[in-house]
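Okay, entry_4.txt now, which holds compact mmCIF, C-alpha atoms:
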# COMPACT_ATOMS: atom_id res chain seq x y z
CA MET A 800 -10.90 -11.27 11.70
CA ILE A 801 -8.40 -11.60 14.59
CA ARG A 802 -9.78 -8.55 16.37
CA SER A 803 -13.35 -9.78 16.05
CA LYS A 804 -12.40 -13.13 17.59
CA ILE A 805 -10.60 -11.36 20.44
CA GLU A 806 -13.75 -9.35 21.15
CA GLN A 807 -15.69 -12.60 21.13
CA THR A 808 -13.17 -14.03 23.62
CA TYR A 809 -13.97 -11.37 26.20
CA SER A 810 -17.68 -12.19 26.22
CA ILE A 811 -16.98 -15.93 26.42
CA LEU A 812 -14.66 -15.41 29.41
CA GLU A 813 -17.51 -13.58 31.13
CA GLU A 814 -19.99 -16.31 30.20
CA LYS A 815 -17.69 -19.10 31.44
CA ASN A 816 -16.74 -17.19 34.62
CA ILE A 817 -13.02 -17.28 33.82
CA ASP A 818 -10.88 -14.23 34.62
CA MET A 819 -8.14 -14.74 32.04
CA TRP A 820 -7.02 -16.90 29.15
CA LEU A 821 -3.31 -17.52 28.62
CA ILE A 822 -1.69 -18.87 25.46
CA PHE A 823 1.92 -19.81 26.27
CA ALA A 824 4.03 -20.82 23.27
CA ARG A 825 7.46 -20.87 21.60
CA GLU A 826 8.99 -21.74 18.22
CA THR A 827 5.60 -21.88 16.56
CA GLU A 828 7.10 -22.57 13.14
CA ALA A 829 7.80 -26.07 14.45
CA MET A 830 4.80 -26.54 16.74
CA GLU A 831 1.99 -23.99 16.74
CA ASP A 832 -0.81 -23.97 19.27
CA PRO A 833 -4.05 -24.28 17.20
CA ALA A 834 -5.61 -21.42 19.18
CA MET A 835 -3.05 -18.91 17.93
CA GLU A 836 -4.55 -18.66 14.45
CA LEU A 837 -7.80 -17.49 16.04
CA VAL A 838 -6.64 -14.67 18.31
CA VAL A 839 -2.90 -14.09 17.82
CA GLY A 840 -2.48 -14.08 14.06
CA ALA A 841 1.30 -14.51 13.91
CA GLY A 842 3.98 -16.88 15.12
CA CYS A 843 6.58 -16.37 17.83
CA THR A 844 10.13 -17.53 18.40
CA TRP A 845 11.03 -17.39 22.09
CA GLN A 846 8.77 -18.18 25.03
CA SER A 847 5.75 -15.90 24.56
CA ALA A 848 2.60 -15.29 26.55
CA PHE A 849 -0.65 -13.91 25.17
CA PHE A 850 -3.13 -12.72 27.81
CA PHE A 851 -6.86 -12.10 27.31
CA THR A 852 -8.80 -10.84 30.30
CA ARG A 853 -12.41 -10.93 31.32
CA SER A 854 -12.31 -7.13 31.69
CA GLY A 855 -11.54 -6.78 27.98
CA LYS A 856 -7.78 -6.36 27.68
CA SER A 857 -5.21 -8.18 25.56
CA ILE A 858 -1.47 -8.27 26.22
CA ALA A 859 1.31 -9.87 24.18
CA LEU A 860 4.56 -10.68 26.00
CA VAL A 861 7.19 -11.71 23.44
CA GLY A 862 10.93 -11.82 22.88
CA ASN A 863 12.53 -8.49 21.98
CA LEU A 864 13.02 -9.31 18.29
CA ASP A 865 9.35 -10.32 17.90
CA ALA A 866 7.96 -7.18 19.53
CA ALA A 867 7.97 -4.91 16.46
CA LYS A 868 5.95 -7.43 14.47
CA PHE A 869 3.18 -7.59 17.06
CA GLU A 870 3.16 -3.82 17.54
CA ALA A 871 2.74 -3.34 13.79
CA MET A 872 -0.19 -5.74 13.70
CA GLY A 873 -2.16 -3.46 16.01
CA VAL A 874 -4.15 -6.35 17.43
CA PHE A 875 -3.09 -6.29 21.09
CA ASP A 876 -3.84 -3.49 23.54
CA GLU A 877 -0.32 -3.75 24.89
CA VAL A 878 2.89 -5.41 23.66
CA LYS A 879 5.66 -6.09 26.18
CA SER A 880 9.05 -7.60 25.43
CA TYR A 881 11.98 -9.16 27.26
CA VAL A 882 15.63 -9.96 26.51
CA ALA A 883 17.16 -12.40 28.98
CA GLY A 884 14.10 -14.27 30.20
CA VAL A 885 10.32 -14.11 30.31
CA LYS A 886 9.76 -15.00 33.97
CA GLU A 887 9.97 -11.58 35.63
CA THR A 888 7.59 -9.78 33.28
CA LEU A 889 5.28 -12.80 33.10
CA CYS A 890 4.85 -12.77 36.88
CA GLU A 891 4.36 -9.00 36.90
CA ILE A 892 1.49 -9.29 34.43
CA PHE A 893 -0.07 -12.08 36.46
CA ALA A 894 0.13 -9.94 39.59
CA GLU A 895 -1.37 -6.96 37.75
CA ILE A 896 -4.34 -8.96 36.46
CA ASP A 897 -4.53 -11.14 39.59
CA PRO A 898 -6.85 -13.78 38.08
CA LYS A 899 -8.81 -15.95 40.49
CA SER A 900 -9.04 -18.42 37.61
CA TYR A 901 -7.27 -18.60 34.26
CA ALA A 902 -7.51 -21.02 31.34
CA ILE A 903 -4.56 -22.71 29.67
CA ASN A 904 -4.60 -24.86 26.55
CA THR A 905 -4.57 -28.37 27.90
CA SER A 906 -7.35 -30.88 27.28
CA ILE A 907 -7.89 -34.63 27.31
CA SER A 908 -10.93 -34.53 25.03
CA ASP A 909 -10.37 -31.73 22.49
CA TYR A 910 -7.18 -31.64 20.43
CA MET A 911 -7.85 -28.04 19.38
CA SER A 912 -7.67 -27.05 23.06
CA ASP A 913 -4.51 -29.05 23.77
CA GLY A 914 -1.86 -26.79 22.25
CA LEU A 915 0.22 -26.31 25.40
CA THR A 916 2.96 -28.93 25.29
CA HIS A 917 3.92 -30.76 28.45
CA GLY A 918 7.29 -29.05 28.46
CA MET A 919 5.73 -25.61 28.18
CA TYR A 920 3.32 -26.48 30.99
CA GLN A 921 6.29 -27.41 33.17
CA LEU A 922 8.04 -24.15 32.27
CA LEU A 923 4.95 -22.11 33.09
CA MET A 924 4.62 -23.75 36.50
CA GLN A 925 8.33 -23.17 37.17
CA HIS A 926 7.96 -19.49 36.28
CA LEU A 927 4.92 -19.16 38.58
CA GLU A 928 6.43 -21.13 41.46
CA GLY A 929 5.96 -19.26 44.74
CA THR A 930 2.96 -17.29 43.41
CA PRO A 931 -0.71 -18.05 44.12
CA TYR A 932 -1.30 -18.70 40.43
CA VAL A 933 0.21 -22.18 40.29
CA ASP A 934 -3.09 -23.74 41.37
CA ARG A 935 -5.60 -21.38 39.76
CA TRP A 936 -5.59 -22.70 36.20
CA CYS A 937 -8.30 -24.64 34.41
CA SER A 938 -8.61 -26.20 30.96
CA SER A 939 -9.53 -23.80 28.16
CA GLU A 940 -11.54 -26.48 26.34
CA ASP A 941 -14.96 -24.91 27.03
CA LEU A 942 -13.70 -21.46 26.06
CA ILE A 943 -12.01 -22.62 22.85
CA ALA A 944 -14.99 -24.80 21.93
CA ALA A 945 -17.20 -21.72 22.04
CA LEU A 946 -14.67 -19.48 20.29
CA ARG A 947 -13.95 -21.86 17.42
CA GLY A 948 -17.52 -23.07 17.12
CA ARG A 949 -19.51 -19.81 17.17
CA LYS A 950 -18.68 -18.55 13.73
CA THR A 951 -19.01 -14.86 13.00
CA ARG A 952 -20.82 -13.74 9.84
CA ALA A 953 -17.45 -13.14 8.18
CA GLU A 954 -16.30 -16.66 9.06
CA LEU A 955 -19.52 -18.20 7.71
CA ASP A 956 -19.08 -16.26 4.48
CA ARG A 957 -15.55 -17.59 4.05
CA ILE A 958 -16.62 -21.18 4.68
CA ALA A 959 -19.47 -20.76 2.18
CA ALA A 960 -16.99 -19.45 -0.41
CA ALA A 961 -14.75 -22.49 0.12
CA VAL A 962 -17.78 -24.79 -0.22
CA ASN A 963 -18.90 -23.09 -3.44
CA LEU A 964 -15.45 -23.43 -4.99
CA THR A 965 -15.26 -27.09 -3.99
CA GLU A 966 -18.60 -27.79 -5.64
CA ASP A 967 -17.51 -25.90 -8.74
CA ILE A 968 -14.42 -28.11 -9.01
CA TYR A 969 -16.56 -31.20 -8.44
CA SER A 970 -18.76 -30.13 -11.37
CA ARG A 971 -15.72 -30.42 -13.65
CA VAL A 972 -14.86 -33.96 -12.58
CA THR A 973 -17.66 -36.00 -14.17
CA GLY A 974 -16.73 -34.84 -17.67
CA ILE A 975 -13.24 -36.35 -17.48
CA LEU A 976 -14.14 -39.66 -15.81
CA LYS A 977 -14.02 -42.98 -17.60
CA ALA A 978 -13.51 -46.59 -16.66
CA GLY A 979 -9.87 -47.59 -16.59
CA MET A 980 -8.66 -44.40 -14.94
CA THR A 981 -6.79 -44.83 -11.68
CA GLU A 982 -7.59 -43.15 -8.40
CA LYS A 983 -4.33 -41.22 -8.73
CA GLN A 984 -5.29 -39.90 -12.17
CA VAL A 985 -8.61 -38.57 -10.85
CA ALA A 986 -6.84 -36.95 -7.90
CA ALA A 987 -4.24 -35.37 -10.20
CA PHE A 988 -6.99 -33.70 -12.24
CA ILE A 989 -8.59 -32.24 -9.11
CA LEU A 990 -5.28 -30.98 -7.74
CA GLY A 991 -4.63 -29.32 -11.09
CA GLU A 992 -7.94 -27.46 -10.74
CA VAL A 993 -7.01 -26.46 -7.19
CA GLU A 994 -3.77 -24.97 -8.48
CA LYS A 995 -5.58 -23.10 -11.27
CA GLU A 996 -7.91 -21.54 -8.67
CA GLY A 997 -4.97 -20.29 -6.59
CA VAL A 998 -6.04 -22.07 -3.42
CA VAL A 999 -4.77 -25.13 -1.54
CA SER A 1000 -6.33 -28.43 -0.55
CA ALA A 1001 -8.11 -28.40 2.79
CA TRP A 1002 -5.81 -31.05 4.27
CA GLU A 1003 -2.63 -32.83 3.15
CA ALA A 1004 -2.50 -32.95 -0.65
CA ASP A 1005 -1.43 -36.60 -0.68
CA GLN A 1006 -4.83 -37.45 0.83
CA CYS A 1007 -6.94 -34.54 -0.44
CA PRO A 1008 -8.65 -35.47 -2.58
CA ALA A 1009 -9.18 -38.98 -1.30
CA VAL A 1010 -10.40 -41.07 -4.22
CA PHE A 1011 -11.61 -44.59 -3.48
CA THR A 1012 -13.27 -46.98 -5.87
CA GLY A 1013 -14.86 -50.43 -5.77
CA PRO A 1014 -15.37 -53.00 -3.02
CA GLU A 1015 -11.67 -53.31 -2.17
CA ALA A 1016 -10.97 -49.59 -1.77
CA ALA A 1017 -8.66 -48.51 1.04
CA GLY A 1018 -11.07 -45.76 2.13
CA ALA A 1019 -11.15 -42.03 2.74
CA HIS A 1020 -8.20 -41.82 5.11
CA CYS A 1021 -5.82 -43.35 2.60
CA GLY A 1022 -4.34 -41.49 -0.31
CA PRO A 1023 -5.31 -42.34 -3.91
CA THR A 1024 -3.74 -45.52 -5.27
CA ASP A 1025 -3.06 -47.07 -8.67
CA ARG A 1026 -6.33 -49.02 -8.39
CA LYS A 1027 -8.28 -48.76 -11.64
CA ILE A 1028 -11.95 -47.79 -11.75
CA GLU A 1029 -14.02 -50.59 -13.28
CA PRO A 1030 -17.59 -50.73 -14.60
CA GLY A 1031 -19.87 -51.65 -11.72
CA HIS A 1032 -17.75 -49.70 -9.24
CA ILE A 1033 -19.01 -47.04 -6.89
CA MET A 1034 -16.38 -44.30 -6.71
CA ASN A 1035 -16.21 -41.77 -3.91
CA ILE A 1036 -14.21 -38.56 -3.60
CA ASP A 1037 -13.56 -36.79 -0.29
CA PHE A 1038 -12.27 -33.29 -1.00
CA GLY A 1039 -12.15 -29.71 0.15
CA VAL A 1040 -10.21 -26.50 -0.33
CA LYS A 1041 -8.80 -23.90 2.02
CA LYS A 1042 -9.68 -20.42 0.79
CA ASP A 1043 -8.92 -17.26 2.76
CA ASP A 1044 -7.92 -19.45 5.73
CA TYR A 1045 -11.25 -21.34 5.90
CA CYS A 1046 -12.04 -24.87 4.77
CA SER A 1047 -14.64 -27.04 3.10
CA ASP A 1048 -15.02 -30.82 3.31
CA ILE A 1049 -17.46 -32.53 0.93
CA GLN A 1050 -17.85 -36.08 -0.40
CA ARG A 1051 -19.54 -37.10 -3.63
CA THR A 1052 -20.39 -40.50 -5.17
CA TRP A 1053 -20.37 -41.80 -8.75
CA TYR A 1054 -21.46 -45.10 -10.28
CA PHE A 1055 -19.71 -46.49 -13.40
CA LEU A 1056 -22.28 -48.19 -15.61
CA ARG A 1057 -21.60 -51.66 -16.93
CA GLU A 1058 -22.36 -52.58 -20.53
CA GLY A 1059 -26.11 -52.59 -21.08
CA GLU A 1060 -26.89 -50.72 -17.81
CA THR A 1061 -28.81 -47.47 -17.81
CA ALA A 1062 -28.86 -47.19 -14.02
CA ALA A 1063 -27.12 -48.68 -11.03
CA PRO A 1064 -28.35 -52.01 -9.62
CA PRO A 1065 -31.31 -51.73 -7.20
CA GLU A 1066 -29.17 -52.42 -4.12
CA VAL A 1067 -26.84 -49.54 -5.03
CA VAL A 1068 -29.74 -47.15 -5.70
CA GLU A 1069 -31.55 -48.13 -2.48
CA THR A 1070 -28.47 -47.81 -0.30
CA PHE A 1071 -27.53 -44.45 -1.75
CA LYS A 1072 -31.11 -43.21 -1.26
CA THR A 1073 -30.94 -44.32 2.39
CA ILE A 1074 -27.79 -42.24 2.85
CA VAL A 1075 -29.33 -39.18 1.19
CA ASP A 1076 -32.52 -39.49 3.24
CA ALA A 1077 -30.56 -40.00 6.46
CA VAL A 1078 -28.57 -36.81 5.85
CA GLN A 1079 -31.76 -34.86 5.15
CA TYR A 1080 -33.49 -36.31 8.22
CA THR A 1081 -30.51 -35.43 10.42
CA ALA A 1082 -30.30 -31.86 9.12
CA ASP A 1083 -34.07 -31.40 9.52
CA ASN A 1084 -33.96 -32.43 13.18
CA MET A 1085 -30.62 -30.97 14.34
CA LYS A 1086 -31.09 -27.96 16.63
CA PRO A 1087 -29.14 -25.93 19.19
CA GLY A 1088 -29.19 -27.48 22.65
CA MET A 1089 -28.95 -31.07 21.43
CA THR A 1090 -25.74 -32.96 22.10
CA GLY A 1091 -23.54 -34.37 19.38
CA LEU A 1092 -24.58 -37.80 20.65
CA ASP A 1093 -28.25 -36.92 20.14
CA VAL A 1094 -27.62 -35.98 16.52
CA ASP A 1095 -25.41 -38.98 15.83
CA THR A 1096 -28.12 -41.26 17.21
CA LEU A 1097 -30.72 -39.74 14.86
CA CYS A 1098 -28.64 -40.52 11.77
CA ARG A 1099 -27.26 -43.87 12.95
CA GLU A 1100 -30.66 -45.26 13.93
CA TYR A 1101 -32.24 -44.05 10.69
CA ILE A 1102 -29.76 -46.15 8.72
CA THR A 1103 -29.81 -49.26 10.93
CA SER A 1104 -33.63 -49.21 11.05
CA ARG A 1105 -33.56 -49.78 7.30
CA GLY A 1106 -31.50 -52.92 7.62
CA HIS A 1107 -28.04 -51.49 7.01
CA GLU A 1108 -24.93 -51.95 9.12
CA GLU A 1109 -23.81 -49.28 11.56
CA TYR A 1110 -21.00 -47.14 10.17
CA PRO A 1111 -17.71 -47.26 12.14
CA HIS A 1112 -17.15 -43.53 12.68
CA ALA A 1113 -18.83 -40.31 13.78
CA THR A 1114 -21.72 -38.83 11.82
CA GLY A 1115 -19.99 -35.46 11.46
CA HIS A 1116 -17.48 -32.93 12.70
CA GLN A 1117 -17.11 -29.17 12.85
CA VAL A 1118 -15.52 -27.25 9.99
CA GLY A 1119 -13.77 -23.87 10.13
CA ARG A 1120 -10.14 -22.89 9.90
CA SER A 1121 -9.49 -26.64 9.92
CA THR A 1122 -11.50 -29.40 8.30
CA HIS A 1123 -11.73 -31.10 11.69
CA ASP A 1124 -12.27 -28.00 13.79
CA GLY A 1125 -12.39 -29.69 17.19
CA ALA A 1126 -14.74 -29.57 20.18
CA ALA A 1127 -18.28 -30.92 19.77
CA VAL A 1128 -18.57 -33.83 17.34
CA LEU A 1129 -21.66 -35.64 16.06
CA ALA A 1130 -20.42 -38.90 17.50
CA PRO A 1131 -21.45 -42.02 19.42
CA ALA A 1132 -20.43 -42.56 23.04
CA TRP A 1133 -17.25 -44.44 22.17
CA GLU A 1134 -14.01 -44.28 24.14
CA ARG A 1135 -12.09 -42.67 21.30
CA TYR A 1136 -14.36 -39.60 21.32
CA ALA A 1137 -14.00 -39.03 25.09
CA LYS A 1138 -16.50 -36.41 26.28
CA VAL A 1139 -16.96 -34.43 23.05
CA PRO A 1140 -20.17 -36.29 22.01
CA TYR A 1141 -21.83 -34.81 25.12
CA MET A 1142 -21.06 -31.20 24.19
CA LYS A 1143 -23.98 -29.03 23.12
CA ILE A 1144 -24.78 -28.04 19.57
CA GLU A 1145 -24.70 -24.22 19.36
CA GLU A 1146 -25.90 -21.59 16.96
CA GLY A 1147 -23.11 -20.54 14.59
CA GLN A 1148 -21.37 -23.91 14.48
CA VAL A 1149 -20.72 -25.57 11.12
CA TYR A 1150 -20.89 -29.35 10.77
CA THR A 1151 -20.48 -32.07 8.20
CA ILE A 1152 -23.03 -34.88 8.00
CA GLU A 1153 -21.37 -37.95 6.48
CA PRO A 1154 -22.78 -41.45 7.07
CA ARG A 1155 -21.73 -44.31 4.82
CA VAL A 1156 -22.84 -47.85 4.01
CA LYS A 1157 -20.96 -50.56 2.13
CA VAL A 1158 -22.63 -52.09 -0.91
CA PRO A 1159 -21.16 -55.61 -1.38
CA GLY A 1160 -19.49 -56.07 -4.74
CA HIS A 1161 -19.66 -52.38 -5.63
CA GLY A 1162 -18.11 -50.10 -2.99
CA VAL A 1163 -19.40 -47.50 -0.54
CA ALA A 1164 -22.48 -45.31 -0.71
CA THR A 1165 -21.86 -41.97 0.96
CA VAL A 1166 -22.16 -38.22 0.75
CA GLU A 1167 -20.74 -35.52 2.99
CA GLU A 1168 -22.72 -32.31 3.29
CA ILE A 1169 -22.10 -29.13 5.30
CA VAL A 1170 -24.67 -27.29 7.40
CA ALA A 1171 -24.57 -24.19 9.60
CA VAL A 1172 -26.55 -24.33 12.85
CA LYS A 1173 -29.14 -21.58 13.21
CA ALA A 1174 -31.48 -20.73 16.08
CA GLY A 1175 -34.34 -22.78 14.65
CA GLY A 1176 -32.39 -25.55 12.92
CA CYS A 1177 -29.86 -25.89 10.11
CA GLU A 1178 -28.99 -24.02 6.93
CA TRP A 1179 -27.37 -25.89 4.03
CA LEU A 1180 -23.98 -24.53 3.00
CA SER A 1181 -23.43 -27.29 0.47
CA ARG A 1182 -25.87 -28.21 -2.29
CA PRO A 1183 -26.84 -31.77 -1.32
CA GLN A 1184 -26.22 -34.56 -3.80
CA LYS A 1185 -29.61 -36.26 -4.17
CA GLU A 1186 -28.87 -38.70 -7.02
CA LEU A 1187 -25.92 -40.84 -8.04
CA PHE A 1188 -23.63 -39.33 -10.64
CA TYR A 1189 -23.37 -41.75 -13.57
CA VAL A 1190 -20.40 -42.41 -15.85
CA LYS A 1191 -21.06 -44.36 -19.06

Represent the structure from my file as structure tokens, please.
Amino acid sequence: MIRSKIEQTYSILEEKNIDMWLIFARETEAMEDPAMELVVGAGCTWQSAFFFTRSGKSIALVGNLDAAKFEAMGVFDEVKSYVAGVKETLCEIFAEIDPKSYAINTSISDYMSDGLTHGMYQLLMQHLEGTPYVDRWCSSEDLIAALRGRKTRAELDRIAAAVNLTEDIYSRVTGILKAGMTEKQVAAFILGEVEKEGVVSAWEADQCPAVFTGPEAAGAHCGPTDRKIEPGHIMNIDFGVKKDDYCSDIQRTWYFLREGETAAPPEVVETFKTIVDAVQYTADNMKPGMTGLDVDTLCREYITSRGHEEYPHATGHQVGRSTHDGAAVLAPAWERYAKVPYMKIEEGQVYTIEPRVKVPGHGVATVEEIVAVKAGGCEWLSRPQKELFYVK
């Protein structure tokens, strides 16, 4: 997987007209650059530099005690090491490659491209002081956006496997649900199933799964509470697993029937149907070349045109090695999203679609589905929830 992403890097460097990409890192156990999991595949201790060139060469420059590990991996064309300090060999490699432009991992808009700490940036510039390379760097955000976003077939297969397992676990949930259970009790059951499957939750286990019920729920970005599920409540679960290093992220919705009810009230049914239809409409019309803003507008306007309030978040995000995989987002042109809503949708990217609408007195109607972008449109990776799940 690492080697295939390195090969992909070379072609993207050519496409973006960048001579070299540099990942400069240290003590990754404490603070790892997100790009390292894509093309490095191991952590480092001392100041380390990982070079990828437009001509198709990779070089790892690491501390002497890390060198054997990287040599054994067999990923890099060349592994160099140092003892006292990295500066001399670092500058020699720069001079050998002589890049007219090189990308480093700093970005205002994309957190996945912002792995170079300010201190490490200062160190890099100190090391390069007196060379022509101090002023030749650019942000790697376009390169990393393409590298993370354009999933290989193997990556798509791993995401699909994580999605399938998530849906399998979801299928076990309805059978144990009953009014009076707490959000924490539901979450504990799901985490038990995660453990049985030998995987881990896709994000922090204290918030994955997020379980939120009723009109006073804290919402998806808060961990489960001791709030009890009551008849008449809508309950939502936001959950995913990480399997073989790749993630899923899916939301499902239940309605707890009150005494004498055989279905949810009309306002709950109508609102949930609007959400389902909006997701389908968005997936049907989402194509490469559109911006994230274009797609967000499709979904947002579909919902507001039917008399519902605008939801206070993006329509969707990319999924891959992380649940929020960075770069292009299906988002409105709000300050908090910076320039990522204007990035292009590309073939191979994987996105969630996750609008939501509040139903007064009951809770939130929502689903979260996952699609892969293909040349002519989208392919479902999740099996869309079309109807409310009912609990008697």

### Query
If you measure from CA of Ser803 in chain A to CA of Thr844 in chain A, what distance in Å do you get, rounded to one decimal?
24.8 Å

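Ranking A:Val1190, A:Lys1041, A:Ser912, A:Trp1179 by their shortest atom-to-atom distance to Glu1029 in chain A, with only C-alpha atoms included, puts A:Val1190 first.
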
### Query
With all atoms listed in the file as the atoms that count, which of A:Gly1119, A:Pro1030, A:Gly842, A:Gly991 lies nearest to Met911 in chain A?
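The answer is A:Gly1119, which sits nearest to Met911 in chain A.
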
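Here CA of Ala1016 in chain A and CA of Glu1134 in chain A stand 26.6 Å from one another.
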
### Among the residues A:Glu826, A:Glu814, A:Asp1044, A:Asp1095, the one that comes closest to Ile1144 in chain A [using only C-alpha atoms]
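Residue with the minimum atom-to-atom distance to Ile1144 in chain A: A:Asp1095.
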
### Message
When you look at Lys1086 in chain A with a cut-off of 8 Å (counting only C-alpha atoms), what residues show up, excluding the ones that are within fewer than 6 positions of it in the same chain? I need them as a list in words.
### Response
Ile1144, Glu1145, Val1172, Lys1173, Ala1174, Gly1175, Gly1176 and Cys1177 of chain A

### Query
CA of Thr1081 in chain A and CA of Arg971 in chain A are how many Å apart?
28.7 Å

### Query
Which polymer residues, protein or nucleic acid, are no farther than 6 Å from (-6.6, -42.5, -8.2), counting all atoms listed in the file, as an NGL selection string?
:A and (981-986 or 1010 or 1023-1025)

Emit the selected residues as a PDB file, keeping the file's coordinate frame, including C-alpha atoms.
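The result, written out as result03.pdb:
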ATOM      1  CA  THR A 981      -6.790 -44.830 -11.680  1.00  0.00           C
ATOM      2  CA  GLU A 982      -7.590 -43.150  -8.400  1.00  0.00           C
ATOM      3  CA  LYS A 983      -4.330 -41.220  -8.730  1.00  0.00           C
ATOM      4  CA  GLN A 984      -5.290 -39.900 -12.170  1.00  0.00           C
ATOM      5  CA  VAL A 985      -8.610 -38.570 -10.850  1.00  0.00           C
ATOM      6  CA  ALA A 986      -6.840 -36.950  -7.900  1.00  0.00           C
ATOM      7  CA  VAL A1010     -10.400 -41.070  -4.220  1.00  0.00           C
ATOM      8  CA  PRO A1023      -5.310 -42.340  -3.910  1.00  0.00           C
ATOM      9  CA  THR A1024      -3.740 -45.520  -5.270  1.00  0.00           C
ATOM     10  CA  ASP A1025      -3.060 -47.070  -8.670  1.00  0.00           C
TER      11      ASP A1025
END
